[in-house]
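J.: File follows, run06.cif with mmCIF, C-alpha atoms:
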data_input
#
loop_
_atom_site.label_atom_id
_atom_site.label_comp_id
_atom_site.auth_asym_id
_atom_site.auth_seq_id
_atom_site.Cartn_x
_atom_site.Cartn_y
_atom_site.Cartn_z
CA MET A 16 102.72 115.21 91.19
CA TYR A 17 105.40 117.89 90.81
CA GLY A 18 107.78 116.21 93.23
CA LYS A 19 105.14 115.72 95.93
CA ASP A 20 104.22 112.41 97.56
CA LEU A 21 100.96 111.46 95.82
CA ILE A 22 99.65 109.36 98.73
CA LYS A 23 100.31 112.21 101.20
CA GLU A 24 98.54 114.61 98.87
CA LEU A 25 95.56 112.28 98.58
CA LYS A 26 95.39 111.81 102.36
CA SER A 27 95.32 115.58 102.80
CA GLU A 28 92.41 115.92 100.38
CA LEU A 29 90.28 112.87 101.21
CA ARG A 30 88.56 111.68 104.37
CA GLY A 31 87.17 108.56 106.00
CA ASN A 32 86.62 105.26 104.26
CA PHE A 33 86.91 106.85 100.82
CA GLU A 34 90.43 107.97 101.75
CA ASP A 35 91.26 104.49 103.01
CA VAL A 36 90.16 102.70 99.85
CA VAL A 37 91.93 105.17 97.52
CA VAL A 38 95.17 104.99 99.54
CA ALA A 39 94.92 101.18 99.53
CA LEU A 40 94.64 101.21 95.74
CA MET A 41 97.70 103.46 95.49
CA THR A 42 99.88 101.45 97.90
CA ASP A 43 102.25 98.69 96.78
CA PRO A 44 100.39 95.40 97.46
CA VAL A 45 103.17 93.86 99.58
CA GLU A 46 103.60 97.04 101.62
CA PHE A 47 99.82 97.25 102.03
CA GLN A 48 99.66 93.79 103.59
CA ALA A 49 102.61 94.60 105.87
CA LYS A 50 100.74 97.69 107.09
CA GLU A 51 97.58 95.66 107.64
CA LEU A 52 99.54 93.17 109.74
CA HIS A 53 101.04 96.00 111.80
CA HIS A 54 97.57 97.38 112.48
CA ALA A 55 96.34 93.91 113.49
CA ILE A 56 99.21 93.59 115.97
CA SER A 57 99.53 97.14 117.30
CA GLY A 58 95.85 97.89 117.88
CA LEU A 59 93.92 97.23 121.07
CA GLY A 60 94.45 93.48 121.54
CA THR A 61 95.62 91.13 118.80
CA ASP A 62 93.45 90.78 115.70
CA GLU A 63 94.48 87.16 115.23
CA ILE A 64 91.92 86.41 112.52
CA THR A 65 93.33 89.12 110.25
CA ILE A 66 96.85 87.79 110.86
CA VAL A 67 95.70 84.26 109.97
CA GLU A 68 93.91 85.62 106.89
CA ILE A 69 96.95 87.44 105.52
CA LEU A 70 99.55 84.79 106.36
CA GLY A 71 97.21 81.94 105.39
CA VAL A 72 96.05 82.99 101.92
CA TYR A 73 99.46 83.89 100.49
CA ASP A 74 102.15 81.43 99.43
CA ASN A 75 105.54 81.05 101.06
CA GLU A 76 107.34 83.52 98.80
CA ALA A 77 104.69 86.21 99.30
CA VAL A 78 104.78 85.82 103.09
CA VAL A 79 108.58 86.21 103.03
CA ASN A 80 108.21 89.39 100.95
CA ILE A 81 105.54 90.76 103.29
CA GLY A 82 107.80 90.02 106.28
CA ASN A 83 110.71 91.84 104.62
CA ALA A 84 108.48 94.83 103.85
CA TYR A 85 107.27 94.82 107.46
CA GLU A 86 110.82 94.99 108.79
CA GLY A 87 111.68 97.77 106.34
CA LEU A 88 108.69 99.85 107.43
CA TYR A 89 108.89 99.33 111.19
CA GLN A 90 112.55 98.45 111.87
CA THR A 91 111.55 95.28 113.67
CA SER A 92 110.59 91.82 112.48
CA LEU A 93 107.03 90.59 112.16
CA GLU A 94 107.95 87.67 114.44
CA ALA A 95 109.27 90.01 117.14
CA ASP A 96 106.10 92.11 117.12
CA ILE A 97 103.88 89.03 117.30
CA LYS A 98 105.91 87.72 120.24
CA GLY A 99 105.53 91.07 121.98
CA ASP A 100 101.77 91.22 121.45
CA ALA A 101 100.41 87.68 121.75
CA SER A 102 100.99 85.01 124.37
CA GLY A 103 100.81 81.27 124.95
CA HIS A 104 99.79 78.90 122.20
CA LEU A 105 98.30 81.73 120.11
CA LYS A 106 101.74 83.38 120.01
CA ARG A 107 103.41 80.12 118.98
CA LEU A 108 100.81 79.51 116.27
CA LEU A 109 101.12 83.01 114.76
CA VAL A 110 104.94 82.92 114.93
CA SER A 111 104.91 79.58 113.10
CA LEU A 112 102.73 81.10 110.37
CA ALA A 113 104.99 84.13 110.08
CA ASN A 114 108.09 81.95 109.74
CA CYS A 115 106.47 80.01 106.87
CA VAL A 116 109.01 77.18 106.76
CA ILE A 117 107.42 74.79 104.28
CA PHE A 118 108.44 71.14 104.51
CA VAL A 119 107.96 69.42 101.16
CA ALA A 120 106.93 65.83 101.83
CA GLY A 121 105.80 62.91 99.72
CA ALA A 122 102.13 62.45 98.98
CA GLU A 123 99.88 59.79 100.48
CA GLU A 124 102.29 58.00 102.82
CA ALA A 125 103.51 61.24 104.39
CA ALA A 126 99.94 62.56 104.65
CA ARG A 127 98.79 59.48 106.54
CA GLY A 128 101.79 59.76 108.87
CA ASP A 129 100.97 63.41 109.59
CA ALA A 130 97.30 62.57 110.15
CA GLN A 131 98.29 59.88 112.64
CA ALA A 132 100.65 62.33 114.37
CA LEU A 133 97.78 64.81 114.77
CA LEU A 134 95.59 62.08 116.20
CA GLN A 135 98.28 60.99 118.67
CA ALA A 136 98.87 64.61 119.70
CA GLY A 137 95.19 65.30 120.30
CA GLU A 138 92.37 62.85 120.63
CA LEU A 139 94.52 59.85 121.60
CA LEU A 140 96.65 61.76 124.09
CA PHE A 141 95.74 60.72 127.63
CA ALA A 142 95.76 64.24 129.03
CA GLY A 143 95.74 67.56 127.19
CA THR A 144 96.94 68.30 123.68
CA ASP A 145 100.44 68.43 122.22
CA GLU A 146 99.93 71.79 120.55
CA SER A 147 103.44 71.82 119.04
CA VAL A 148 102.50 68.97 116.69
CA PHE A 149 99.44 70.85 115.41
CA ASN A 150 101.63 73.94 114.89
CA MET A 151 104.35 72.02 113.08
CA ILE A 152 102.00 70.28 110.66
CA LEU A 153 99.43 73.03 110.02
CA CYS A 154 102.07 75.71 109.52
CA GLN A 155 104.82 73.75 107.75
CA ARG A 156 102.90 71.89 105.05
CA ASN A 157 101.67 73.42 101.83
CA ARG A 158 97.96 73.57 100.99
CA ALA A 159 97.93 70.48 98.77
CA GLN A 160 99.68 68.45 101.47
CA LEU A 161 97.32 69.71 104.16
CA ARG A 162 94.25 68.80 102.14
CA ARG A 163 95.58 65.25 101.82
CA ILE A 164 96.30 65.21 105.56
CA PHE A 165 92.75 66.37 106.34
CA HIS A 166 91.36 63.64 104.08
CA GLU A 167 93.51 60.97 105.74
CA TYR A 168 92.51 62.21 109.19
CA GLU A 169 88.85 61.83 108.32
CA GLU A 170 89.49 58.37 106.84
CA ILE A 171 91.19 57.26 110.07
CA THR A 172 88.81 58.84 112.60
CA GLY A 173 85.49 59.12 110.79
CA HIS A 174 85.23 62.85 111.47
CA SER A 175 86.80 66.07 110.21
CA ILE A 176 89.93 67.84 111.42
CA GLU A 177 87.63 70.74 112.34
CA GLN A 178 85.86 68.50 114.86
CA ALA A 179 89.24 67.57 116.34
CA VAL A 180 90.13 71.25 116.73
CA GLU A 181 86.74 71.90 118.34
CA ASN A 182 87.38 69.06 120.81
CA GLU A 183 91.00 69.84 121.64
CA PHE A 184 91.24 73.65 121.72
CA SER A 185 89.31 76.60 123.08
CA GLY A 186 89.07 80.39 122.83
CA THR A 187 91.08 82.43 120.34
CA VAL A 188 93.42 79.53 119.57
CA LYS A 189 90.49 77.35 118.50
CA ASP A 190 89.02 80.18 116.41
CA SER A 191 92.38 80.85 114.74
CA LEU A 192 92.98 77.19 113.93
CA LEU A 193 89.48 76.79 112.49
CA GLN A 194 90.03 79.86 110.31
CA LEU A 195 93.37 78.47 109.16
CA VAL A 196 91.83 75.09 108.28
CA GLN A 197 89.04 76.81 106.34
CA CYS A 198 91.61 78.95 104.51
CA VAL A 199 93.60 75.84 103.57
CA ARG A 200 90.53 73.92 102.38
CA ASP A 201 89.29 76.69 100.10
CA PRO A 202 90.89 80.18 100.19
CA VAL A 203 88.24 81.62 97.87
CA GLU A 204 85.35 80.43 100.03
CA PHE A 205 87.23 81.59 103.14
CA LEU A 206 87.59 85.12 101.74
CA ALA A 207 83.97 85.19 100.58
CA ALA A 208 82.94 84.33 104.15
CA ARG A 209 85.26 87.04 105.50
CA LEU A 210 83.55 89.58 103.23
CA HIS A 211 80.12 88.39 104.34
CA ASP A 212 81.06 88.66 108.00
CA ALA A 213 82.49 92.14 107.43
CA MET A 214 79.06 93.36 106.32
CA ALA A 215 76.84 91.23 108.56
CA GLY A 216 75.07 92.58 111.62
CA ILE A 217 75.22 96.15 112.86
CA GLY A 218 77.95 98.26 111.30
CA THR A 219 80.61 97.32 108.79
CA ASP A 220 84.17 96.10 109.26
CA ASP A 221 85.40 98.51 106.62
CA ARG A 222 89.05 97.65 107.07
CA THR A 223 88.48 93.97 106.22
CA LEU A 224 86.15 94.89 103.35
CA ILE A 225 88.70 97.27 101.82
CA ARG A 226 91.65 94.93 102.38
CA ILE A 227 90.09 91.92 100.66
CA VAL A 228 88.44 93.78 97.78
CA VAL A 229 91.55 95.78 96.94
CA ALA A 230 94.14 93.05 97.59
CA ARG A 231 92.30 90.36 95.61
CA SER A 232 91.09 92.65 92.79
CA GLU A 233 93.82 91.42 90.43
CA ILE A 234 94.13 87.90 91.82
CA ASP A 235 90.88 86.01 92.38
CA LEU A 236 88.15 88.56 93.09
CA GLY A 237 86.10 87.18 90.19
CA GLU A 238 86.04 83.73 91.82
CA ILE A 239 85.30 85.24 95.23
CA LYS A 240 82.32 87.11 93.75
CA GLU A 241 80.92 83.90 92.23
CA VAL A 242 81.24 81.98 95.49
CA TYR A 243 79.78 84.89 97.46
CA GLU A 244 76.67 85.11 95.28
CA ALA A 245 76.15 81.33 95.25
CA LYS A 246 76.53 81.08 99.01
CA TYR A 247 74.65 84.18 100.16
CA GLY A 248 72.06 84.68 97.41
CA LYS A 249 73.13 88.21 96.57
CA SER A 250 75.96 89.68 94.52
CA LEU A 251 78.89 91.28 96.31
CA ALA A 252 78.17 94.55 94.51
CA GLU A 253 74.54 94.51 95.72
CA ARG A 254 75.65 93.89 99.30
CA ILE A 255 78.15 96.75 99.16
CA GLU A 256 75.43 99.02 97.70
CA GLN A 257 73.27 98.25 100.72
CA ASP A 258 75.99 98.57 103.33
CA CYS A 259 78.16 101.48 102.18
CA SER A 260 77.54 105.01 100.91
CA GLY A 261 78.91 107.92 98.92
CA ASP A 262 82.17 107.91 96.98
CA TYR A 263 83.39 105.04 99.17
CA LYS A 264 80.51 102.85 97.97
CA ARG A 265 80.94 103.87 94.35
CA THR A 266 84.66 103.09 94.42
CA LEU A 267 84.17 99.62 95.93
CA VAL A 268 81.35 98.81 93.51
CA ALA A 269 83.53 99.92 90.58
CA ILE A 270 86.29 97.54 91.73
CA VAL A 271 83.98 94.54 92.13
CA SER A 272 81.90 95.17 88.99
#
Before anything else, please render the file you have as structure tokens.
T.:
Amino acid sequence: MYGKDLIKELKSELRGNFEDVVVALMTDPVEFQAKELHHAISGLGTDEITIVEILGVYDNEAVVNIGNAYEGLYQTSLEADIKGDASGHLKRLLVSLANCVIFVAGAEEAARGDAQALLQAGELLFAGTDESVFNMILCQRNRAQLRRIFHEYEEITGHSIEQAVENEFSGTVKDSLLQLVQCVRDPVEFLAARLHDAMAGIGTDDRTLIRIVVARSEIDLGEIKEVYEAKYGKSLAERIEQDCSGDYKRTLVAIVS
């Protein structure tokens, strides 16, 4: 636009949620996720669920690229900012996700060994929980491996890994682990639930709504829409029509239609 920064020009002309969705559409996808992570970390408290969402739904290569973009934008690493903002086991969990070191193991035999290690670190441990084992396995195995591990865990114990997390953890750590397990089991269903929660109750979590709709628009938004309608009995477009207004609403509906 005649040598001007188009995003700066748009920000000077637009306002509110409409500005946010247009700027999101105009921003490089990797840079956009890096900025969303920075907001989740630098705001009041740590928005751990957004961090789990972003680091959990993307593959190893994408997370590395997002981390590199983060460092380029803010002159500090994603890991360093997480360490400075979170504490305790939550910090260790989020740092493990950010580091995204994926250990490629064999199939069934390795999965059963990991399932047994989780059991020994949690429900069979005499006192407390060895959280480092949960971190190592949940953050260093790929999705296919983790699904096999979850299946083996249920075969061994007779109940789900989610029940083990419920029994062994509490607070934000428990919530983050449950979100991560859900994301691993079915990322599409996880994101559909995130969209539903963003528009449930009083008010709208516009940031989450914009982030997921824009970021997944060229990836799997069609699948997310199908799951959303099947699960909640209403199309995503209809729900947005009810919850949003003005040019902001029309833009989101155009993306999801």
J.: Hey, which of A:Leu134, A:Leu251, A:Cys198, A:Ala230 ends up closest to Gln48 of chain A? Count only C-alpha atoms.
T.: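 Going through A:Leu134, A:Leu251, A:Cys198, A:Ala230 one by one, the smallest distance to Gln48 of chain A is for A:Ala230.
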J.: List the residues matched by the PyMOL selection byres ((chain A and resi 105) around 12) in the displayed structure as a short mmCIF file (atom, residue, chain, number, x, y, z; two decimals) with C-alpha atoms, in the frame of the given file, ordered by chain and then by residue number.
T.:
data_model
loop_
_atom_site.label_atom_id
_atom_site.label_comp_id
_atom_site.auth_asym_id
_atom_site.auth_seq_id
_atom_site.Cartn_x
_atom_site.Cartn_y
_atom_site.Cartn_z
CA THR A 61 95.62 91.13 118.80
CA ASP A 62 93.45 90.78 115.70
CA GLU A 63 94.48 87.16 115.23
CA ILE A 64 91.92 86.41 112.52
CA ILE A 66 96.85 87.79 110.86
CA VAL A 67 95.70 84.26 109.97
CA ILE A 97 103.88 89.03 117.30
CA LYS A 98 105.91 87.72 120.24
CA GLY A 99 105.53 91.07 121.98
CA ASP A 100 101.77 91.22 121.45
CA ALA A 101 100.41 87.68 121.75
CA SER A 102 100.99 85.01 124.37
CA GLY A 103 100.81 81.27 124.95
CA HIS A 104 99.79 78.90 122.20
CA LYS A 106 101.74 83.38 120.01
CA ARG A 107 103.41 80.12 118.98
CA LEU A 108 100.81 79.51 116.27
CA LEU A 109 101.12 83.01 114.76
CA VAL A 110 104.94 82.92 114.93
CA SER A 111 104.91 79.58 113.10
CA LEU A 112 102.73 81.10 110.37
CA GLU A 146 99.93 71.79 120.55
CA SER A 147 103.44 71.82 119.04
CA PHE A 149 99.44 70.85 115.41
CA ASN A 150 101.63 73.94 114.89
CA PHE A 184 91.24 73.65 121.72
CA SER A 185 89.31 76.60 123.08
CA GLY A 186 89.07 80.39 122.83
CA THR A 187 91.08 82.43 120.34
CA VAL A 188 93.42 79.53 119.57
CA LYS A 189 90.49 77.35 118.50
CA ASP A 190 89.02 80.18 116.41
CA SER A 191 92.38 80.85 114.74
CA LEU A 192 92.98 77.19 113.93
#
J.: Could you check how far atom CA of Met151 of chain A sits from atom CA of His174 of chain A, in Å to one decimal?
T.: 21.3 Å
J.: Name the closest residue to Met41 of chain A among the candidates A:Leu140, A:Lys23, A:Ala77, A:Glu86; distances are taken between atoms, counting only C-alpha atoms.
T.: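 Going through A:Leu140, A:Lys23, A:Ala77, A:Glu86 one by one, the smallest distance to Met41 of chain A is for A:Lys23.
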J.: Quick one: of A:Glu204, A:Glu124, A:Asp262, A:Asp145, who's nearest to Glu238 of chain A, counting only C-alpha atoms?
T.: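 Of A:Glu204, A:Glu124, A:Asp262, A:Asp145, the one nearest Glu238 of chain A is A:Glu204, counting only C-alpha atoms.
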J.: Which residue is closest to Ala125 of chain A? Choose from A:Ile164, A:Ile176, A:Leu88, A:Leu52 and count only C-alpha atoms.
T.: A:Ile164
J.: Applied to the shown file, which residues does the PyMOL selection byres ((chain A and resi 153-162) around 10) return, written as a PyMOL selection string?
T.: chain A and resi 70-72+74-75+108-123+125-126+129-130+133+147-152+163-168+192+195-196+198-202
J.: Let me make sure I understand: among A:Gln194, A:Ser232, A:Ser272, A:Thr219, which one has the smallest atom-to-atom distance to Asp258 of chain A if we use only C-alpha atoms?
T.: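 Selected residue with least distance to Asp258 of chain A: A:Thr219.
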J.: Please write as a ChimeraX atom specification the full residue list that the PyMOL selection byres ((chain A and resi 36) around 12) yields on this file.
T.: /A:22,25-26,29-35,37-42,47,221-230,262-270
J.: Separation of atom CA of Leu206 of chain A and atom CA of Ala49 of chain A, in Å?
T.: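 We find that atom CA of Leu206 of chain A and atom CA of Ala49 of chain A lie 18.2 Å from each other.
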J.: Rank nothing, just name the residue among A:His211, A:Gly261, A:Thr144, A:Gly82 nearest to Ala179 of chain A, using only C-alpha atoms.
T.: A:Thr144
J.: Let me know the centre plus edge lengths, in Å and rounded to one decimal, of a box with edges along x, y and z that contains all listed atoms of segment 127-136 of chain A and is padded by 8 Å on every side, as JSON.
T.:
{"center_x": 98.7, "center_y": 62.1, "center_z": 113.1, "size_x": 22.2, "size_y": 21.3, "size_z": 29.2}
J.: Quote the spacing between atom CA of Tyr73 of chain A and atom CA of Glu256 of chain A in Å to one decimal place.
T.: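 Between atom CA of Tyr73 of chain A and atom CA of Glu256 of chain A the gap works out to 28.5 Å.
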